[in-house]
$ cat data-v7.pdb   # PDB, C-alpha atoms
ATOM      1  CA  MET Q 197     -79.871-100.347 187.978
ATOM      2  CA  ASP Q 198     -77.460 -98.414 185.781
ATOM      3  CA  THR Q 199     -76.140 -94.879 186.383
ATOM      4  CA  LEU Q 200     -78.515 -93.287 183.873
ATOM      5  CA  GLN Q 201     -81.566 -94.762 185.615
ATOM      6  CA  LYS Q 202     -80.255 -93.665 189.045
ATOM      7  CA  ASN Q 203     -79.672 -90.113 187.788
ATOM      8  CA  ASN Q 204     -83.157 -90.076 186.240
ATOM      9  CA  ILE Q 205     -84.727 -91.180 189.531
ATOM     10  CA  GLU Q 206     -82.738 -88.526 191.455
ATOM     11  CA  VAL Q 207     -83.930 -85.805 189.073
ATOM     12  CA  GLN Q 208     -87.546 -87.003 189.335
ATOM     13  CA  ASP Q 209     -87.327 -87.084 193.150
ATOM     14  CA  SER Q 210     -85.776 -83.614 193.203
ATOM     15  CA  VAL Q 211     -88.498 -82.194 190.951
ATOM     16  CA  ALA Q 212     -91.221 -83.971 192.949
ATOM     17  CA  ASN Q 213     -90.057 -82.182 196.115
ATOM     18  CA  GLN Q 214     -90.177 -78.741 194.492
ATOM     19  CA  PRO Q 215     -93.193 -76.417 194.467
ATOM     20  CA  GLN Q 216     -95.610 -77.223 191.695
ATOM     21  CA  GLU Q 217     -97.079 -74.771 189.205
ATOM     22  CA  HIS Q 218    -100.396 -73.298 190.300
ATOM     23  CA  SER Q 219    -103.271 -73.076 187.885
ATOM     24  CA  PHE Q 220    -104.409 -69.506 187.465
ATOM     25  CA  GLU Q 221    -106.559 -67.480 185.112
ATOM     26  CA  SER Q 222    -107.000 -63.748 184.836
ATOM     27  CA  THR Q 223    -109.513 -61.590 183.020
ATOM     28  CA  SER Q 224    -106.925 -58.821 182.619
ATOM     29  CA  THR Q 225    -104.014 -58.788 180.186
ATOM     30  CA  TYR Q 226    -100.447 -58.207 181.320
ATOM     31  CA  THR Q 227     -97.410 -57.307 179.225
ATOM     32  CA  LEU Q 228     -94.294 -59.284 180.057
ATOM     33  CA  PHE Q 229     -90.814 -58.773 178.637
ATOM     34  CA  TYR Q 230     -88.047 -61.342 178.910
ATOM     35  CA  VAL Q 231     -84.433 -60.500 178.255
ATOM     36  CA  ASP Q 232     -81.793 -63.156 177.696
ATOM     37  CA  ASP Q 233     -78.895 -63.403 175.258
ATOM     38  CA  ASP Q 234     -79.359 -67.190 175.116
ATOM     39  CA  PRO Q 235     -81.867 -68.146 172.381
ATOM     40  CA  ALA Q 236     -82.601 -71.441 174.166
ATOM     41  CA  ILE Q 237     -83.765 -69.617 177.322
ATOM     42  CA  ARG Q 238     -85.868 -67.211 175.247
ATOM     43  CA  ALA Q 239     -87.468 -70.212 173.502
ATOM     44  CA  LEU Q 240     -88.098 -71.881 176.878
ATOM     45  CA  ILE Q 241     -89.792 -68.782 178.310
ATOM     46  CA  LYS Q 242     -91.891 -68.423 175.152
ATOM     47  CA  HIS Q 243     -92.950 -72.060 175.534
ATOM     48  CA  LEU Q 244     -93.825 -71.545 179.226
ATOM     49  CA  LEU Q 245     -96.077 -68.587 178.372
ATOM     50  CA  LYS Q 246     -97.828 -70.058 175.337
ATOM     51  CA  ASP Q 247    -100.840 -71.310 177.320
ATOM     52  CA  LYS Q 248    -101.204 -68.109 179.351
ATOM     53  CA  PRO Q 249    -103.648 -66.013 177.303
ATOM     54  CA  TYR Q 250    -103.596 -63.245 179.915
ATOM     55  CA  ILE Q 251     -99.887 -62.600 179.203
ATOM     56  CA  LYS Q 252     -98.736 -60.688 176.132
ATOM     57  CA  SER Q 253     -94.999 -61.257 175.901
ATOM     58  CA  ARG Q 254     -92.001 -59.944 173.997
ATOM     59  CA  SER Q 255     -88.449 -61.224 174.047
ATOM     60  CA  PHE Q 256     -85.221 -59.261 173.787
ATOM     61  CA  GLU Q 257     -81.616 -60.280 173.283
ATOM     62  CA  SER Q 258     -80.153 -57.267 175.072
ATOM     63  CA  GLY Q 259     -80.929 -54.931 177.923
ATOM     64  CA  GLU Q 260     -80.711 -51.947 175.565
ATOM     65  CA  ASP Q 261     -83.462 -53.381 173.332
ATOM     66  CA  CYS Q 262     -85.686 -53.989 176.349
ATOM     67  CA  ILE Q 263     -85.143 -50.487 177.706
ATOM     68  CA  ALA Q 264     -85.921 -48.988 174.289
ATOM     69  CA  ALA Q 265     -89.308 -50.756 174.376
ATOM     70  CA  LEU Q 266     -90.338 -49.720 177.903
ATOM     71  CA  SER Q 267     -92.890 -47.318 176.415
ATOM     72  CA  ASP Q 268     -95.060 -50.471 175.991
ATOM     73  CA  ASN Q 269     -95.384 -50.399 179.812
ATOM     74  CA  PRO Q 270     -94.618 -53.990 180.764
ATOM     75  CA  SER Q 271     -96.029 -55.149 184.086
ATOM     76  CA  ILE Q 272     -93.265 -57.717 184.498
ATOM     77  CA  VAL Q 273     -89.745 -58.078 183.081
ATOM     78  CA  LEU Q 274     -87.598 -61.211 183.369
ATOM     79  CA  VAL Q 275     -83.905 -60.345 183.038
ATOM     80  CA  ASP Q 276     -80.849 -62.586 182.786
ATOM     81  CA  TYR Q 277     -78.172 -61.486 185.263
ATOM     82  CA  ASN Q 278     -75.310 -62.372 182.893
ATOM     83  CA  LEU Q 279     -76.609 -60.655 179.768
ATOM     84  CA  SER Q 280     -73.467 -59.532 177.980
ATOM     85  CA  PRO Q 281     -71.696 -62.259 176.067
ATOM     86  CA  PRO Q 282     -67.907 -61.961 176.402
ATOM     87  CA  GLY Q 283     -66.424 -59.369 174.062
ATOM     88  CA  LYS Q 284     -69.636 -57.393 173.556
ATOM     89  CA  ASN Q 285     -69.980 -53.884 174.917
ATOM     90  CA  THR Q 286     -73.545 -54.056 176.242
ATOM     91  CA  ILE Q 287     -75.131 -53.529 179.636
ATOM     92  CA  ASP Q 288     -75.513 -56.502 181.938
ATOM     93  CA  GLY Q 289     -78.608 -57.714 183.764
ATOM     94  CA  LEU Q 290     -78.008 -55.654 186.886
ATOM     95  CA  GLU Q 291     -77.653 -52.419 184.897
ATOM     96  CA  THR Q 292     -80.783 -53.368 182.923
ATOM     97  CA  LEU Q 293     -82.652 -53.801 186.226
ATOM     98  CA  VAL Q 294     -81.420 -50.427 187.512
ATOM     99  CA  ARG Q 295     -82.492 -48.617 184.331
ATOM    100  CA  ILE Q 296     -85.918 -50.306 184.286
ATOM    101  CA  LYS Q 297     -86.541 -49.242 187.887
ATOM    102  CA  GLU Q 298     -85.422 -45.667 187.095
ATOM    103  CA  LEU Q 299     -87.713 -45.377 184.065
ATOM    104  CA  LYS Q 300     -90.639 -47.554 185.195
ATOM    105  CA  PRO Q 301     -90.501 -47.906 188.996
ATOM    106  CA  LYS Q 302     -93.797 -49.841 189.161
ATOM    107  CA  THR Q 303     -92.585 -52.529 186.756
ATOM    108  CA  LYS Q 304     -91.862 -55.791 188.566
ATOM    109  CA  VAL Q 305     -88.504 -57.326 187.640
ATOM    110  CA  ILE Q 306     -87.584 -60.986 188.102
ATOM    111  CA  MET Q 307     -83.868 -61.739 187.820
ATOM    112  CA  LEU Q 308     -82.803 -65.062 186.316
ATOM    113  CA  SER Q 309     -79.285 -66.338 186.888
ATOM    114  CA  SER Q 310     -77.101 -69.386 187.013
ATOM    115  CA  GLN Q 311     -75.346 -67.710 189.981
ATOM    116  CA  LYS Q 312     -76.130 -69.542 193.215
ATOM    117  CA  GLU Q 313     -74.283 -67.056 195.415
ATOM    118  CA  ILE Q 314     -76.479 -65.405 198.047
ATOM    119  CA  SER Q 315     -74.596 -62.117 197.643
ATOM    120  CA  VAL Q 316     -75.732 -61.863 194.003
ATOM    121  CA  ALA Q 317     -79.368 -62.493 194.978
ATOM    122  CA  VAL Q 318     -79.160 -59.903 197.766
ATOM    123  CA  LYS Q 319     -77.610 -57.361 195.392
ATOM    124  CA  VAL Q 320     -80.369 -57.645 192.779
ATOM    125  CA  LEU Q 321     -83.130 -57.611 195.400
ATOM    126  CA  LYS Q 322     -81.614 -54.434 196.907
ATOM    127  CA  HIS Q 323     -81.745 -52.870 193.434
ATOM    128  CA  GLY Q 324     -85.474 -53.524 193.150
ATOM    129  CA  ALA Q 325     -85.965 -57.029 191.754
ATOM    130  CA  VAL Q 326     -88.998 -58.766 193.273
ATOM    131  CA  ASP Q 327     -87.595 -62.264 192.788
ATOM    132  CA  TYR Q 328     -84.327 -64.051 192.042
ATOM    133  CA  ILE Q 329     -84.612 -67.373 190.245
ATOM    134  CA  ILE Q 330     -81.711 -69.727 189.664
ATOM    135  CA  LYS Q 331     -81.516 -71.356 186.239
ATOM    136  CA  ASP Q 332     -81.753 -74.966 187.336
ATOM    137  CA  LYS Q 333     -83.956 -77.972 186.662
ATOM    138  CA  VAL Q 334     -87.005 -76.404 188.354
ATOM    139  CA  MET Q 335     -86.564 -72.913 186.911
ATOM    140  CA  GLN Q 336     -89.675 -73.249 184.731
ATOM    141  CA  ILE Q 337     -91.964 -73.894 187.707
ATOM    142  CA  ASN Q 338     -90.353 -71.111 189.722
ATOM    143  CA  VAL Q 339     -90.711 -68.618 186.842
ATOM    144  CA  ILE Q 340     -94.409 -69.380 186.332
ATOM    145  CA  ASN Q 341     -95.121 -69.314 190.075
ATOM    146  CA  SER Q 342     -93.325 -65.986 190.438
ATOM    147  CA  ILE Q 343     -95.240 -64.466 187.509
ATOM    148  CA  ILE Q 344     -98.550 -65.698 188.919
ATOM    149  CA  LYS Q 345     -97.700 -64.333 192.377
ATOM    150  CA  ILE Q 346     -96.891 -60.918 190.893
ATOM    151  CA  ILE Q 347    -100.103 -60.856 188.859
ATOM    152  CA  LYS Q 348    -102.167 -61.870 191.903
ATOM    153  CA  ASN Q 349    -100.541 -59.026 193.877
ATOM    154  CA  ILE Q 350    -101.265 -56.538 191.083
ATOM    155  CA  GLU Q 351    -104.894 -57.671 190.919
ATOM    156  CA  LEU Q 352    -105.237 -57.540 194.697
ATOM    157  CA  LYS Q 353    -103.861 -53.981 194.781
ATOM    158  CA  ASN Q 354    -106.257 -52.991 191.982
ATOM    159  CA  GLU Q 355    -109.165 -54.519 193.892
ATOM    160  CA  ILE Q 356    -108.174 -52.702 197.092
ATOM    161  CA  GLN Q 357    -107.935 -49.427 195.125
ATOM    162  CA  LEU Q 358    -111.400 -50.002 193.646
ATOM    163  CA  LEU Q 359    -112.898 -50.833 197.050
ATOM    164  CA  SER Q 360    -111.242 -47.778 198.583
ATOM    165  CA  GLU Q 361    -112.734 -45.548 195.889
ATOM    166  CA  THR Q 362    -116.156 -47.171 196.386
ATOM    167  CA  ILE Q 363    -115.995 -46.553 200.140
ATOM    168  CA  LYS Q 364    -115.041 -42.884 199.584
ATOM    169  CA  ARG Q 365    -117.910 -42.470 197.115
ATOM    170  CA  ASP Q 366    -120.360 -44.162 199.496
ATOM    171  CA  LYS Q 367    -119.256 -41.895 202.360
ATOM    172  CA  LEU Q 368    -119.934 -38.839 200.187
ATOM    173  CA  LEU Q 369    -123.329 -40.224 199.218
ATOM    174  CA  PHE Q 370    -124.137 -40.920 202.862
ATOM    175  CA  LYS Q 371    -123.167 -37.372 203.818
ATOM    176  CA  GLY Q 372    -125.339 -36.057 200.982
ATOM    177  CA  TYR Q 373    -128.298 -38.194 202.036
ATOM    178  CA  SER Q 374    -127.809 -37.149 205.670
ATOM    179  CA  LEU Q 375    -127.913 -33.493 204.641
ATOM    180  CA  ILE Q 376    -131.105 -34.052 202.617
ATOM    181  CA  ILE Q 377    -132.774 -35.860 205.545
ATOM    182  CA  LEU Q 378    -131.725 -33.112 207.924
ATOM    183  CA  LEU Q 379    -133.127 -30.509 205.527
ATOM    184  CA  LEU Q 380    -136.412 -32.447 205.226
ATOM    185  CA  VAL Q 381    -136.726 -32.702 209.005
ATOM    186  CA  PHE Q 382    -136.064 -28.973 209.293
ATOM    187  CA  CYS Q 383    -138.682 -28.195 206.608
ATOM    188  CA  LEU Q 384    -141.280 -30.502 208.144
ATOM    189  CA  THR Q 385    -140.645 -29.006 211.581
ATOM    190  CA  PHE Q 386    -141.031 -25.522 210.123
ATOM    191  CA  ILE Q 387    -144.279 -26.499 208.320
ATOM    192  CA  ILE Q 388    -145.782 -28.244 211.360
ATOM    193  CA  LEU Q 389    -144.843 -25.596 213.910
ATOM    194  CA  GLY Q 390    -145.520 -22.774 211.516
TER
END
$ encode --input "data-v7.pdb" --output "structure tokens"
Amino acid sequence: MDTLQKNNIEVQDSVANQPQEHSFESTSTYTLFYVDDDPAIRALIKHLLKDKPYIKSRSFESGEDCIAALSDNPSIVLVDYNLSPPGKNTIDGLETLVRIKELKPKTKVIMLSSQKEISVAVKVLKHGAVDYIIKDKVMQINVINSIIKIIKNIELKNEIQLLSETIKRDKLLFKGYSLIILLLVFCLTFIILG
């Protein structure tokens, strides 16, 4: 067996031991932004989302462009940690995250990075990112799984909110019906006893 075949088998084994993408469908539509200065990563993310009709996505090359479009109220934003190419005077991924959380605190931010240092992951999570995904050979699966997990959480919170409102409404109705029954009993007692 030559080196190429051995490397191929190692990659296949490594991918086989990673979490697999979950199938998921939603009846709601979610806006997702992805920000990366690398056109290949933007193309990859676009490809990953193409069969997700419940996700309306937009890509951006810079953090400034993403921030300028926040009025579209994205539910999720994927941001590259190392946004600024050398020599350009633009904000990096961490500053993009900070500004998104200042302007749209409910927006969920996933940070993508080739940095494997724990301190970097901790830093972005402390600044409000909900996930930190390393750009490696299983990044695609991790990105999709993270997006699906966020959407499931959003839908669960919406369902809890709806149930909470229904319970409040039903309690008011019950109190109203109780008052009507009490009034009827009082009236009947008054009519019977004269």
$ atom_distance --input "data-v7.pdb" --atom1 "CA of Leu293 in chain Q" --atom2 "CA of Asn341 in chain Q"
20.3 Å
$ atom_distance --input "data-v7.pdb" --atom1 "CA of Ala236 in chain Q" --atom2 "CA of Ser315 in chain Q"
26.5 Å
$ atom_distance --input "data-v7.pdb" --atom1 "CA of Thr227 in chain Q" --atom2 "CA of Asp276 in chain Q"
17.7 Å
$ closest_residue --input "data-v7.pdb" --among "Q:Leu245, Q:Leu368, Q:Leu274, Q:Ile340" --to "Tyr328 in chain Q" --atoms "only C-alpha atoms"
Q:Leu274
$ resolve_selection --input "data-v7.pdb" --expression "the PyMOL selection byres ((chain Q and resi 272) around 7)" --output "list in words"
Thr227, Leu228, Phe229, Pro270, Ser271, Val273, Leu274, Thr303, Lys304 and Val305 of chain Q
$ write_last_selection --input "data-v7.pdb" --atoms "C-alpha atoms" --output "compact mmCIF listing (two decimals), in the frame of the given file"
# COMPACT_ATOMS: atom_id res chain seq x y z
CA THR Q 227 -97.41 -57.31 179.22
CA LEU Q 228 -94.29 -59.28 180.06
CA PHE Q 229 -90.81 -58.77 178.64
CA PRO Q 270 -94.62 -53.99 180.76
CA SER Q 271 -96.03 -55.15 184.09
CA VAL Q 273 -89.74 -58.08 183.08
CA LEU Q 274 -87.60 -61.21 183.37
CA THR Q 303 -92.58 -52.53 186.76
CA LYS Q 304 -91.86 -55.79 188.57
CA VAL Q 305 -88.50 -57.33 187.64
$ resolve_selection --input "data-v7.pdb" --expression "the PyMOL selection byres ((chain Q and resi 344) around 12)" --output "ChimeraX atom specification"
/Q:217-222,226,228,245,248,250-251,271-272,304,306,337-343,345-351
$ write_last_selection --input "data-v7.pdb" --atoms "C-alpha atoms" --output "PDB file, keeping the file's coordinate frame"
ATOM      1  CA  GLU Q 217     -97.079 -74.771 189.205  1.00  0.00           C
ATOM      2  CA  HIS Q 218    -100.396 -73.298 190.300  1.00  0.00           C
ATOM      3  CA  SER Q 219    -103.271 -73.076 187.885  1.00  0.00           C
ATOM      4  CA  PHE Q 220    -104.409 -69.506 187.465  1.00  0.00           C
ATOM      5  CA  GLU Q 221    -106.559 -67.480 185.112  1.00  0.00           C
ATOM      6  CA  SER Q 222    -107.000 -63.748 184.836  1.00  0.00           C
ATOM      7  CA  TYR Q 226    -100.447 -58.207 181.320  1.00  0.00           C
ATOM      8  CA  LEU Q 228     -94.294 -59.284 180.057  1.00  0.00           C
ATOM      9  CA  LEU Q 245     -96.077 -68.587 178.372  1.00  0.00           C
ATOM     10  CA  LYS Q 248    -101.204 -68.109 179.351  1.00  0.00           C
ATOM     11  CA  TYR Q 250    -103.596 -63.245 179.915  1.00  0.00           C
ATOM     12  CA  ILE Q 251     -99.887 -62.600 179.203  1.00  0.00           C
ATOM     13  CA  SER Q 271     -96.029 -55.149 184.086  1.00  0.00           C
ATOM     14  CA  ILE Q 272     -93.265 -57.717 184.498  1.00  0.00           C
ATOM     15  CA  LYS Q 304     -91.862 -55.791 188.566  1.00  0.00           C
ATOM     16  CA  ILE Q 306     -87.584 -60.986 188.102  1.00  0.00           C
ATOM     17  CA  ILE Q 337     -91.964 -73.894 187.707  1.00  0.00           C
ATOM     18  CA  ASN Q 338     -90.353 -71.111 189.722  1.00  0.00           C
ATOM     19  CA  VAL Q 339     -90.711 -68.618 186.842  1.00  0.00           C
ATOM     20  CA  ILE Q 340     -94.409 -69.380 186.332  1.00  0.00           C
ATOM     21  CA  ASN Q 341     -95.121 -69.314 190.075  1.00  0.00           C
ATOM     22  CA  SER Q 342     -93.325 -65.986 190.438  1.00  0.00           C
ATOM     23  CA  ILE Q 343     -95.240 -64.466 187.509  1.00  0.00           C
ATOM     24  CA  LYS Q 345     -97.700 -64.333 192.377  1.00  0.00           C
ATOM     25  CA  ILE Q 346     -96.891 -60.918 190.893  1.00  0.00           C
ATOM     26  CA  ILE Q 347    -100.103 -60.856 188.859  1.00  0.00           C
ATOM     27  CA  LYS Q 348    -102.167 -61.870 191.903  1.00  0.00           C
ATOM     28  CA  ASN Q 349    -100.541 -59.026 193.877  1.00  0.00           C
ATOM     29  CA  ILE Q 350    -101.265 -56.538 191.083  1.00  0.00           C
ATOM     30  CA  GLU Q 351    -104.894 -57.671 190.919  1.00  0.00           C
TER      31      GLU Q 351
END
$ residues_around --input "data-v7.pdb" --residues "range 252-268 of chain Q" --least-positions-apart "6" --cutoff "12 Å" --atoms "only C-alpha atoms" --output "VMD selection string"
chain Q and resid 224 to 246 274 to 281 284 to 303
$ resolve_selection --input "data-v7.pdb" --expression "the PyMOL selection byres ((chain Q and resi 311) around 9)" --output "ChimeraX atom specification"
/Q:277-278,308-310,312-314,316-317,330-331
